[in-house]
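Below is one structure, written out as structure tokens, with a few remarks after it.
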Amino acid sequence: MSALPALDLPVILMVATAGFLAGVQNALAGGGSFITFPALLLAGLNPLAANMTSTIALFPSQITSGYAGRKLVADVGPLSFRQMLIISAIGGLCGAILLLNTPPSFFARLVPWLVLFATSVFAWGSFRKKPLHAASSMPRWTLILVQSCIAVYGGYFGGGIGFLMLAALTIAGQQVRAATATKNVLAMAMNAAAATIFACSDLISWPVALDLWIGDIAIFASSDLISWPAALALCAGGIAGGFVGGWLIHRLPEKVMRAFVVLVGASLTVWMFIRA
């Protein structure tokens, strides 16, 4: 792979705006990666780099969400919360390693199908008529297998993992409120593992130094794997968006925001299939 393109100021501002919208979206309904991923593609990143950059950039907001709901987390059926946390971290680690060993050309062909799957999951989770209730249980080995698969998928791509986990946790016996808090912390664990792998791999393989051209306002050269300027812009925008989303959470219809995410995902799916 060659180094990623340098980003000029207008592109940095566009990415930061996408981060802001993603932060608002995550606070209100979830699905912020459906905004950040296409924004990074428009910024010139290849799908592999866009996915890794988005994962790292959105991680700080996941820490906030996980910490805010920490008192509501609970054991999941036959598994303790600590066991679920370990499974999630190991799965995220495996997914990240799998992604790093995926050729960019293959990942580019796979992305439309991943986005289609994630959009379908998000639409199902957003617009089903009734939430899942804790009226059933899941055998221990089934729960381990399901959460392991979700965690690997989360480390590899991650779109739709919130609804996948919410479905699994409620079927396993958790109430919806506890399942929401639990899945936030589990998502934080798998993304912490993935972000660590991505960041370390990027720093080890970094072929170029950061470059700041103040005169031309062409900001930063990037490495082969992660666009750190884009990641910083997304992170800053996401933090600001999270605060605004917290203010808007009781003022905007949630279904409107969810419909917007599904529209973005569907449009991105069509675009990615045409592009592939």
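Scheme for the structure tokens: letters A, B, ... for chains in order shown; per-chain residue numbers from 1; ligand numbers from 1 in order shown.
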### Task
Excluding Thr102 (chain A) and residues on its chain fewer than 6 positions from it, collect all residues at most 10 Å away from it, counting only C-alpha atoms, and give them as a count of residues only.
4
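From CA of Arg70 (chain A) back to CA of Thr182 (chain A), the distance works out to 7.7 Å.
Among the candidate residues A:Pro38, A:Pro112, A:Gly154, A:Gly237, the one lying nearest to Ala187 (chain A) is A:Gly154, with distances computed using only C-alpha atoms.
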### strand (DSSP E or B) residues, from DSSP on the backbone, in region 21-218 of chain A, as a list in words
Val76, Leu79, Leu212, Trp213 and Ala218 of chain A
Keeping only C-alpha atoms, write the selected residues as an mmCIF file, in the first residue's frame.
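Resulting contents of result-v4.cif:
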data_model
loop_
_atom_site.group_PDB
_atom_site.id
_atom_site.type_symbol
_atom_site.label_atom_id
_atom_site.label_comp_id
_atom_site.auth_asym_id
_atom_site.auth_seq_id
_atom_site.Cartn_x
_atom_site.Cartn_y
_atom_site.Cartn_z
ATOM 1 C CA VAL A 76 -25.961 -12.249 31.038
ATOM 2 C CA LEU A 79 -22.356 -15.932 31.982
ATOM 3 C CA LEU A 212 2.467 20.205 8.132
ATOM 4 C CA TRP A 213 2.520 22.681 5.277
ATOM 5 C CA ALA A 218 -2.142 21.228 3.216
#
### Query
Residues of region 18-181 of chain A in alpha helix (DSSP H) according to DSSP, as number ranges by chain?
A: 18-28, 33-42, 47-68, 81-100, 104-127, 140-156, 161-171, 176-181
### Task
Could you please determine the separation between CA of Gly159 (chain A) and CA of Phe117 (chain A) in Å, to one decimal place?
8.3 Å
### Query
If we count only C-alpha atoms, what is near region 138-146 of chain A at a cut-off of 12 Å, once residues fewer than 6 positions away on the same chain are taken out, given as a PyMOL selection string?
chain A and resi 76-81+83-88+90-91+152-153+161+164-174
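A straight line drawn from CA of Lys71 (chain A) to CA of Trp247 (chain A) is 21.7 Å long.
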